[in-house]
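Notes follow once the structure below has been shown.
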Amino acid sequence: MPESTGTPSPESTGVVALAELAFSASDLAQMRFAVSPMWEVVTSFRLLRSHVAHPVHRTWAEQVRPRVAAAGLDQGWLAELIPPSGYLPDFLNPAPAGPAPTLAEELSEILAVPDLRIRQDLDHLHGHRGAPGARLRSLHDDPAARLPRVAEEIEQYWELALAPYWARIRAVLDADVFHRARQVAEHGAGHLFNDLHDSVRWDDNALRLVRRRRRLTRQTAGAGLLLVPSAFAGPGLLTRVRLPEPPQLAYPARGVGALWDSRPVTRSDALAAVLGRSRTLLLSELAAPASTTELARRTGLSPAAVSQYLTALRDAGLVSAHRAGRFVLYARTSVAESLLSAVSP
C-alpha cells in the first residue's frame with residue numbers, strides 16, 4: 001500500500017518518480033468504485049497512532065483515542081500490524097467484491113487469506129520495521145489460529161472508533177462516488193482521473209502516478225481498477241497491488257473537510273410535534289455519539305427516561321447502539337441525519 005507520503009507496499013520498495021498503468025478497453029470496462037470499511041479501519045487507526053493534531057479529524061480523534069486506549073487496542077494486534085508510517089500488510093485490504101461490502105464480509109475475506117500470503121506480508125512488514133513483536137511472531141507461526149484474534153480486535157475497534165460515526169462517514173463517501181460517477185458519465189474517464197488527485201493524471205490510455213516508489217504495470221497488477229474513496233486516507237494516495245486482484249487506489253474523498261462540522265440547530269418545535277420534545281432533544285444532543293449517562297447529565301433527564309427514549313428511537317431506526325467497553329454509545333443514523341437536515345433552518 002504505497003502512498004505519496006512514503007508508505008511502500010510489496011510492489012513499492014524501489015524509487016522512481018513516475019509509475020504508469022496502461023489501460024485497455026477491457027480494463028476501462030472493469031473499472032469500478034467501492035466503499036470499504038477496512039480501508040477506513042487501517043487508515044483511521046494509523047492516524048490515531050500518529051498522534052498528529054489533524055486539522056480535519058481532531059474532534060473525532062479526541063473522542064476516540066481515550067476509548068481505544070481504555071480498551072487496550074493501542075497495545076494490541078492492530079498496533080503491531082499498522083505502524084504510524086510505512087508498509088501496511090496487504091491482507092488487511094482484500095478487494096471488495098461489491099460496491100459497499102460490510103465489515104463482516106471483508107473480515108470473512110481476511111480470514112480466508114492463505115497462510116502463505118499472510119507470512120509473505122508479515123515478512124515484508126518485518127523488512128521495513130525490524131524484528132516483530134510476540135503477537136506477530138505467533139501470527140507468522142500459525143496464521144489460521146491467530147487470524148481470528150486479529151479479526152476480533154478489528155471488530156472491537158470498529159465499534160469504538162467508526163461504527164458510531166459511520167452514518168456521517170458513509171454519506172461523504174457515497175457523495176464522492178456519485179460525483180465521480182457523474183464525471184465519467186458526462187466527461188469520460190480521463191476527466192475523472194485528472195480531477196482525482198494532484199499526483200494522478202491520465203494520458204494516452206495510461207494512468208500515471210507521480211511520486212510512486214516503484215513501477216506499476218499490468219504485469220504486476222490485475223485487470224481493471226478499483227477506486228476507493230476514503231475519509232482518512234489523505235492527503236496522499238494509497239495503492240494496493242496483488243495479482244490476480246485489480247489494483248486498488250484509495251484517495252481522499254471530496255467533502256471530508258466538513259465531515260465533523262456542527263450540524264445546524266433544528267426547528268425543534270416542528271420535530272417535537274412528531275417525535276416528542278424529549279426524543280427530539282436527545283437527537284439534537286447526539287451530534288457526537290454519547291452514552292446514556294452523558295446524555296442524562298447534559299439534558300437533565302433521568303437515566304431511566306433517557307434509556308427509554310433511546311430504545312424508542314432505536315426501534316424507529318433513528319439511533320444505533322455501539323458497545324464501548326462497559327458503556328454503550330448511541331449515535332444518529334443516516335435516517336436521523338436526513339430528518340434533522342430536512343427541518344433545519
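Residues are named by chain letter and number: chains run A, B, ... in the order of the C-alpha cells, numbers start at 1 in each chain, and ligands are numbered from 1 in the order shown.
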
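Near Leu282 (chain A), within a cut-off of 9 Å and counting only C-alpha atoms, sit the residues Arg277, Leu295, Thr299, Val306, Tyr309 and Leu310 of chain A, with same-chain residues fewer than 5 positions away left out.
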
(request) Would you list the contacts of region 165-180 of chain A as number ranges by chain, taking every protein, DNA or RNA residue within 9 Å and counting only C-alpha atoms, but skipping same-chain residues closer than 4 positions in sequence? (result) A: 33-35, 60, 161, 184-185, 192, 196, 228-231, 253-256, 259-260, 288-289, 331-335, 337

(request) Can you list, as a PyMOL selection string, all residues belonging to region 231-328 of chain A that DSSP tags as strand (DSSP E or B)? (result) chain A and resi 238-240+248-252+290+319-324+327-328

Write the residues of the preceding selection, restricted to N, CA and C atoms, as a PDB file, in the first residue's frame.
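Final output, saved to result.pdb:
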```
ATOM      1  N   LEU A 238      -3.189   5.977  -1.532  1.00  0.00           N
ATOM      2  CA  LEU A 238      -2.789   4.642  -1.091  1.00  0.00           C
ATOM      3  C   LEU A 238      -3.101   3.663  -2.208  1.00  0.00           C
ATOM      4  N   THR A 239      -2.176   2.768  -2.490  1.00  0.00           N
ATOM      5  CA  THR A 239      -2.432   1.758  -3.503  1.00  0.00           C
ATOM      6  C   THR A 239      -2.170   0.372  -2.945  1.00  0.00           C
ATOM      7  N   ARG A 240      -2.901  -0.585  -3.472  1.00  0.00           N
ATOM      8  CA  ARG A 240      -2.682  -1.990  -3.141  1.00  0.00           C
ATOM      9  C   ARG A 240      -2.644  -2.760  -4.444  1.00  0.00           C
ATOM     10  N   GLN A 248      -5.929  -1.495  -6.390  1.00  0.00           N
ATOM     11  CA  GLN A 248      -6.800  -0.600  -5.637  1.00  0.00           C
ATOM     12  C   GLN A 248      -6.126   0.752  -5.469  1.00  0.00           C
ATOM     13  N   LEU A 249      -6.893   1.796  -5.643  1.00  0.00           N
ATOM     14  CA  LEU A 249      -6.401   3.153  -5.447  1.00  0.00           C
ATOM     15  C   LEU A 249      -7.343   3.847  -4.471  1.00  0.00           C
ATOM     16  N   ALA A 250      -6.864   4.069  -3.250  1.00  0.00           N
ATOM     17  CA  ALA A 250      -7.654   4.777  -2.235  1.00  0.00           C
ATOM     18  C   ALA A 250      -7.239   6.241  -2.238  1.00  0.00           C
ATOM     19  N   TYR A 251      -8.226   7.115  -2.325  1.00  0.00           N
ATOM     20  CA  TYR A 251      -7.943   8.538  -2.480  1.00  0.00           C
ATOM     21  C   TYR A 251      -8.796   9.335  -1.492  1.00  0.00           C
ATOM     22  N   PRO A 252      -8.377  10.553  -1.134  1.00  0.00           N
ATOM     23  CA  PRO A 252      -9.175  11.374  -0.209  1.00  0.00           C
ATOM     24  C   PRO A 252     -10.513  11.756  -0.834  1.00  0.00           C
ATOM     25  N   ALA A 290     -22.770   9.410  22.215  1.00  0.00           N
ATOM     26  CA  ALA A 290     -22.724   9.612  23.663  1.00  0.00           C
ATOM     27  C   ALA A 290     -23.401   8.447  24.365  1.00  0.00           C
ATOM     28  N   VAL A 319     -31.576   5.953  15.856  1.00  0.00           N
ATOM     29  CA  VAL A 319     -30.285   5.867  16.532  1.00  0.00           C
ATOM     30  C   VAL A 319     -29.789   4.428  16.467  1.00  0.00           C
ATOM     31  N   SER A 320     -28.485   4.282  16.605  1.00  0.00           N
ATOM     32  CA  SER A 320     -27.861   2.953  16.659  1.00  0.00           C
ATOM     33  C   SER A 320     -27.048   2.870  17.940  1.00  0.00           C
ATOM     34  N   ALA A 321     -26.864   1.663  18.443  1.00  0.00           N
ATOM     35  CA  ALA A 321     -26.145   1.442  19.697  1.00  0.00           C
ATOM     36  C   ALA A 321     -24.855   0.682  19.420  1.00  0.00           C
ATOM     37  N   HIS A 322     -23.772   1.097  20.084  1.00  0.00           N
ATOM     38  CA  HIS A 322     -22.444   0.509  19.861  1.00  0.00           C
ATOM     39  C   HIS A 322     -21.747   0.353  21.205  1.00  0.00           C
ATOM     40  N   ARG A 323     -21.389  -0.891  21.535  1.00  0.00           N
ATOM     41  CA  ARG A 323     -20.773  -1.139  22.833  1.00  0.00           C
ATOM     42  C   ARG A 323     -19.336  -0.648  22.840  1.00  0.00           C
ATOM     43  N   ALA A 324     -18.988   0.090  23.891  1.00  0.00           N
ATOM     44  CA  ALA A 324     -17.630   0.607  24.089  1.00  0.00           C
ATOM     45  C   ALA A 324     -17.197   0.248  25.501  1.00  0.00           C
ATOM     46  N   PHE A 327     -19.671   0.635  28.565  1.00  0.00           N
ATOM     47  CA  PHE A 327     -20.723   1.560  28.167  1.00  0.00           C
ATOM     48  C   PHE A 327     -21.254   1.214  26.781  1.00  0.00           C
ATOM     49  N   VAL A 328     -22.414   1.793  26.470  1.00  0.00           N
ATOM     50  CA  VAL A 328     -22.986   1.715  25.143  1.00  0.00           C
ATOM     51  C   VAL A 328     -23.086   3.129  24.600  1.00  0.00           C
TER      52      VAL A 328
END
```

At a cut-off of 8 Å, using only C-alpha atoms, what residues contact region 137-153 of chain A? Leave out same-chain residues fewer than 4 positions from it and give the result as a PDB file with all heavy atoms, in the first residue's frame.
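Contents of around25.pdb, freshly written:
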```pdb
ATOM      1  N   LEU A  73      -6.433  -1.294  22.832  1.00  0.00           N
ATOM      2  CA  LEU A  73      -6.177  -1.525  21.413  1.00  0.00           C
ATOM      3  C   LEU A  73      -4.934  -0.804  20.923  1.00  0.00           C
ATOM      4  O   LEU A  73      -4.395  -1.155  19.860  1.00  0.00           O
ATOM      5  CB  LEU A  73      -7.386  -1.075  20.580  1.00  0.00           C
ATOM      6  CG  LEU A  73      -8.704  -1.785  20.883  1.00  0.00           C
ATOM      7  CD1 LEU A  73      -9.806  -1.285  19.959  1.00  0.00           C
ATOM      8  CD2 LEU A  73      -8.554  -3.289  20.765  1.00  0.00           C
ATOM      9  N   GLY A  76      -2.341  -3.596  21.113  1.00  0.00           N
ATOM     10  CA  GLY A  76      -2.765  -4.920  20.701  1.00  0.00           C
ATOM     11  C   GLY A  76      -2.262  -5.345  19.335  1.00  0.00           C
ATOM     12  O   GLY A  76      -1.218  -4.888  18.856  1.00  0.00           O
ATOM     13  N   TRP A  77      -3.038  -6.219  18.677  1.00  0.00           N
ATOM     14  CA  TRP A  77      -2.656  -6.760  17.376  1.00  0.00           C
ATOM     15  C   TRP A  77      -2.544  -5.663  16.327  1.00  0.00           C
ATOM     16  O   TRP A  77      -1.581  -5.634  15.545  1.00  0.00           O
ATOM     17  CB  TRP A  77      -3.690  -7.797  16.923  1.00  0.00           C
ATOM     18  CG  TRP A  77      -3.719  -9.043  17.740  1.00  0.00           C
ATOM     19  CD1 TRP A  77      -4.480  -9.290  18.843  1.00  0.00           C
ATOM     20  CD2 TRP A  77      -2.939 -10.228  17.529  1.00  0.00           C
ATOM     21  NE1 TRP A  77      -4.234 -10.549  19.331  1.00  0.00           N
ATOM     22  CE2 TRP A  77      -3.299 -11.148  18.546  1.00  0.00           C
ATOM     23  CE3 TRP A  77      -1.987 -10.606  16.581  1.00  0.00           C
ATOM     24  CZ2 TRP A  77      -2.729 -12.407  18.638  1.00  0.00           C
ATOM     25  CZ3 TRP A  77      -1.429 -11.876  16.664  1.00  0.00           C
ATOM     26  CH2 TRP A  77      -1.787 -12.759  17.676  1.00  0.00           C
ATOM     27  N   LEU A  78      -3.534  -4.762  16.296  1.00  0.00           N
ATOM     28  CA  LEU A  78      -3.519  -3.708  15.280  1.00  0.00           C
ATOM     29  C   LEU A  78      -2.333  -2.778  15.457  1.00  0.00           C
ATOM     30  O   LEU A  78      -1.795  -2.260  14.479  1.00  0.00           O
ATOM     31  CB  LEU A  78      -4.826  -2.918  15.328  1.00  0.00           C
ATOM     32  CG  LEU A  78      -6.079  -3.655  14.868  1.00  0.00           C
ATOM     33  CD1 LEU A  78      -7.307  -2.756  14.992  1.00  0.00           C
ATOM     34  CD2 LEU A  78      -5.923  -4.129  13.434  1.00  0.00           C
ATOM     35  N   LEU A 107     -14.138  -9.013   6.679  1.00  0.00           N
ATOM     36  CA  LEU A 107     -13.427  -9.856   7.636  1.00  0.00           C
ATOM     37  C   LEU A 107     -13.454 -11.322   7.189  1.00  0.00           C
ATOM     38  O   LEU A 107     -12.479 -12.051   7.401  1.00  0.00           O
ATOM     39  CB  LEU A 107     -14.033  -9.710   9.028  1.00  0.00           C
ATOM     40  CG  LEU A 107     -13.740  -8.405   9.754  1.00  0.00           C
ATOM     41  CD1 LEU A 107     -14.454  -8.350  11.101  1.00  0.00           C
ATOM     42  CD2 LEU A 107     -12.236  -8.197   9.953  1.00  0.00           C
ATOM     43  N   LEU A 111     -10.153 -13.612   6.755  1.00  0.00           N
ATOM     44  CA  LEU A 111      -9.992 -14.919   7.407  1.00  0.00           C
ATOM     45  C   LEU A 111      -9.739 -16.041   6.407  1.00  0.00           C
ATOM     46  O   LEU A 111      -9.245 -17.108   6.789  1.00  0.00           O
ATOM     47  CB  LEU A 111     -11.228 -15.235   8.250  1.00  0.00           C
ATOM     48  CG  LEU A 111     -11.417 -14.363   9.492  1.00  0.00           C
ATOM     49  CD1 LEU A 111     -12.774 -14.611  10.129  1.00  0.00           C
ATOM     50  CD2 LEU A 111     -10.304 -14.616  10.504  1.00  0.00           C
ATOM     51  N   ASP A 115      -2.405 -19.037   4.338  1.00  0.00           N
ATOM     52  CA  ASP A 115      -1.322 -18.837   5.299  1.00  0.00           C
ATOM     53  C   ASP A 115      -0.063 -18.287   4.627  1.00  0.00           C
ATOM     54  O   ASP A 115       0.631 -17.430   5.197  1.00  0.00           O
ATOM     55  CB  ASP A 115      -0.986 -20.165   5.989  1.00  0.00           C
ATOM     56  CG  ASP A 115      -2.079 -20.605   6.951  1.00  0.00           C
ATOM     57  OD1 ASP A 115      -3.090 -19.880   7.076  1.00  0.00           O
ATOM     58  OD2 ASP A 115      -1.916 -21.680   7.570  1.00  0.00           O
ATOM     59  N   ILE A 118      -0.242 -14.561   4.190  1.00  0.00           N
ATOM     60  CA  ILE A 118      -0.091 -13.877   5.475  1.00  0.00           C
ATOM     61  C   ILE A 118       1.390 -13.788   5.832  1.00  0.00           C
ATOM     62  O   ILE A 118       1.896 -12.715   6.210  1.00  0.00           O
ATOM     63  CB  ILE A 118      -0.840 -14.630   6.591  1.00  0.00           C
ATOM     64  CG1 ILE A 118      -2.337 -14.728   6.274  1.00  0.00           C
ATOM     65  CG2 ILE A 118      -0.601 -13.959   7.939  1.00  0.00           C
ATOM     66  CD1 ILE A 118      -3.068 -13.422   6.340  1.00  0.00           C
ATOM     67  N   ARG A 119       2.090 -14.898   5.686  1.00  0.00           N
ATOM     68  CA  ARG A 119       3.515 -14.918   6.043  1.00  0.00           C
ATOM     69  C   ARG A 119       4.320 -14.007   5.121  1.00  0.00           C
ATOM     70  O   ARG A 119       5.260 -13.341   5.565  1.00  0.00           O
ATOM     71  CB  ARG A 119       4.042 -16.349   5.985  1.00  0.00           C
ATOM     72  CG  ARG A 119       3.451 -17.265   7.050  1.00  0.00           C
ATOM     73  CD  ARG A 119       4.166 -18.611   7.105  1.00  0.00           C
ATOM     74  NE  ARG A 119       3.664 -19.435   8.190  1.00  0.00           N
ATOM     75  CZ  ARG A 119       2.858 -20.476   8.041  1.00  0.00           C
ATOM     76  NH1 ARG A 119       2.458 -20.844   6.809  1.00  0.00           N
ATOM     77  NH2 ARG A 119       2.456 -21.176   9.092  1.00  0.00           N
ATOM     78  N   LEU A 122       3.786 -10.467   6.296  1.00  0.00           N
ATOM     79  CA  LEU A 122       4.478 -10.227   7.561  1.00  0.00           C
ATOM     80  C   LEU A 122       5.987 -10.152   7.360  1.00  0.00           C
ATOM     81  O   LEU A 122       6.667  -9.326   7.988  1.00  0.00           O
ATOM     82  CB  LEU A 122       4.133 -11.329   8.568  1.00  0.00           C
ATOM     83  CG  LEU A 122       2.678 -11.355   9.056  1.00  0.00           C
ATOM     84  CD1 LEU A 122       2.464 -12.526  10.006  1.00  0.00           C
ATOM     85  CD2 LEU A 122       2.301 -10.041   9.732  1.00  0.00           C
ATOM     86  N   PRO A 132       9.887  -8.459  14.647  1.00  0.00           N
ATOM     87  CA  PRO A 132       8.468  -8.379  15.025  1.00  0.00           C
ATOM     88  C   PRO A 132       8.276  -8.616  16.513  1.00  0.00           C
ATOM     89  O   PRO A 132       9.120  -9.213  17.193  1.00  0.00           O
ATOM     90  CB  PRO A 132       7.829  -9.494  14.211  1.00  0.00           C
ATOM     91  CG  PRO A 132       8.921 -10.515  14.069  1.00  0.00           C
ATOM     92  CD  PRO A 132      10.194  -9.715  13.945  1.00  0.00           C
ATOM     93  N   GLY A 133       7.125  -8.166  17.029  1.00  0.00           N
ATOM     94  CA  GLY A 133       6.772  -8.445  18.405  1.00  0.00           C
ATOM     95  C   GLY A 133       6.232  -9.851  18.565  1.00  0.00           C
ATOM     96  O   GLY A 133       6.088 -10.604  17.596  1.00  0.00           O
ATOM     97  N   TYR A 157     -12.411  -2.498  17.489  1.00  0.00           N
ATOM     98  CA  TYR A 157     -12.014  -1.146  17.095  1.00  0.00           C
ATOM     99  C   TYR A 157     -13.120  -0.475  16.284  1.00  0.00           C
ATOM    100  O   TYR A 157     -13.422   0.717  16.481  1.00  0.00           O
ATOM    101  CB  TYR A 157     -10.728  -1.207  16.271  1.00  0.00           C
ATOM    102  CG  TYR A 157     -10.340   0.144  15.697  1.00  0.00           C
ATOM    103  CD1 TYR A 157      -9.747   1.110  16.503  1.00  0.00           C
ATOM    104  CD2 TYR A 157     -10.587   0.467  14.359  1.00  0.00           C
ATOM    105  CE1 TYR A 157      -9.409   2.367  15.988  1.00  0.00           C
ATOM    106  CE2 TYR A 157     -10.256   1.705  13.849  1.00  0.00           C
ATOM    107  CZ  TYR A 157      -9.669   2.644  14.672  1.00  0.00           C
ATOM    108  OH  TYR A 157      -9.355   3.882  14.154  1.00  0.00           O
TER     109      TYR A 157
END
```

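The coordinates place CA of Met31 (chain A) at 4.9 Å from CA of Gly224 (chain A).
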
(message) DSSP on the backbone: which residues in region 125-337 of chain A end up as alpha helix (DSSP H)? Give the answer as a PyMOL selection string.
(response) chain A and resi 125-129+134-141+143-157+166-187+189-196+268-275+277-285+292-299+303-315+334-337

(message) Just want the 10 Å neighbourhood of Ala25 (chain A), counted on only C-alpha atoms, with same-chain residues fewer than 3 positions away dropped. Output as a PyMOL selection string.
(response) chain A and resi 28-30+205+224

Dump N, CA, C and O atoms for the selected residues as a CSV table (one decimal), in the first residue's frame?
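So selection01.csv came out as:
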```csv
chain,number,residue,atom,x,y,z
A,28,LEU,N,-10.8,-0.5,-18.8
A,28,LEU,CA,-11.7,0.5,-18.5
A,28,LEU,C,-13.1,0.0,-18.2
A,28,LEU,O,-13.9,0.5,-17.4
A,29,ALA,N,-13.5,-1.1,-18.9
A,29,ALA,CA,-14.8,-1.7,-18.7
A,29,ALA,C,-14.9,-2.3,-17.3
A,29,ALA,O,-16.0,-2.4,-16.7
A,30,GLN,N,-13.8,-2.7,-16.7
A,30,GLN,CA,-13.8,-3.3,-15.4
A,30,GLN,C,-13.5,-2.3,-14.3
A,30,GLN,O,-13.4,-2.7,-13.1
A,205,ASN,N,-4.1,6.7,-22.8
A,205,ASN,CA,-4.6,5.4,-22.4
A,205,ASN,C,-3.8,4.8,-21.2
A,205,ASN,O,-3.7,3.6,-21.1
A,224,GLY,N,-8.4,-4.1,-14.8
A,224,GLY,CA,-9.3,-3.1,-14.3
A,224,GLY,C,-8.7,-2.2,-13.3
A,224,GLY,O,-7.4,-2.1,-13.1
```

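With only C-alpha atoms as the atoms that count, the residue of A:Ala134, A:Pro99, A:Thr280, A:Tyr87 with the shortest distance to Asp121 (chain A) is A:Tyr87.
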
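Across A:Arg314, A:His197, A:His124, A:Arg117, the tightest approach to Arg242 (chain A) is made by A:Arg117 when counting only C-alpha atoms.
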
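Considering only C-alpha atoms, the residue among A:Leu329, A:Leu92, A:Val200, A:Ala112 positioned nearest to Ser36 (chain A) is A:Leu92.
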
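Separating CA of Ala305 (chain A) from CA of Gly276 (chain A) is a distance of 12.9 Å.
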
(message) For Ala79 (chain A), find every residue with an atom within 9 Å (counting only C-alpha atoms), except residues of its own chain fewer than 5 positions away, and show them as a ChimeraX atom specification.
(response) /A:45-46,49,73-74,84

Output of the above residues as a CSV table (one decimal), in the first residue's frame, restricted to C-alpha atoms:
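Produced file result_29.csv, reproduced below:
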```csv
chain,number,residue,atom,x,y,z
A,45,PHE,CA,-6.0,3.6,13.2
A,46,ARG,CA,-2.9,4.9,11.5
A,49,ARG,CA,-1.3,6.1,16.2
A,73,LEU,CA,-6.2,-1.5,21.4
A,74,ASP,CA,-3.2,0.9,21.3
A,84,PRO,CA,2.3,5.1,12.2
```

(request) Within 8 Å of Thr102 (chain A), counting only C-alpha atoms, which residues show up once you throw out same-chain ones fewer than 2 positions away? Write them as a ChimeraX atom specification, please. (result) /A:36-37,100,104-106

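Residue nearest Pro246 (chain A), chosen from A:Ala163, A:Ala97, A:Ala273, A:Val64 and counting only C-alpha atoms: A:Ala97.
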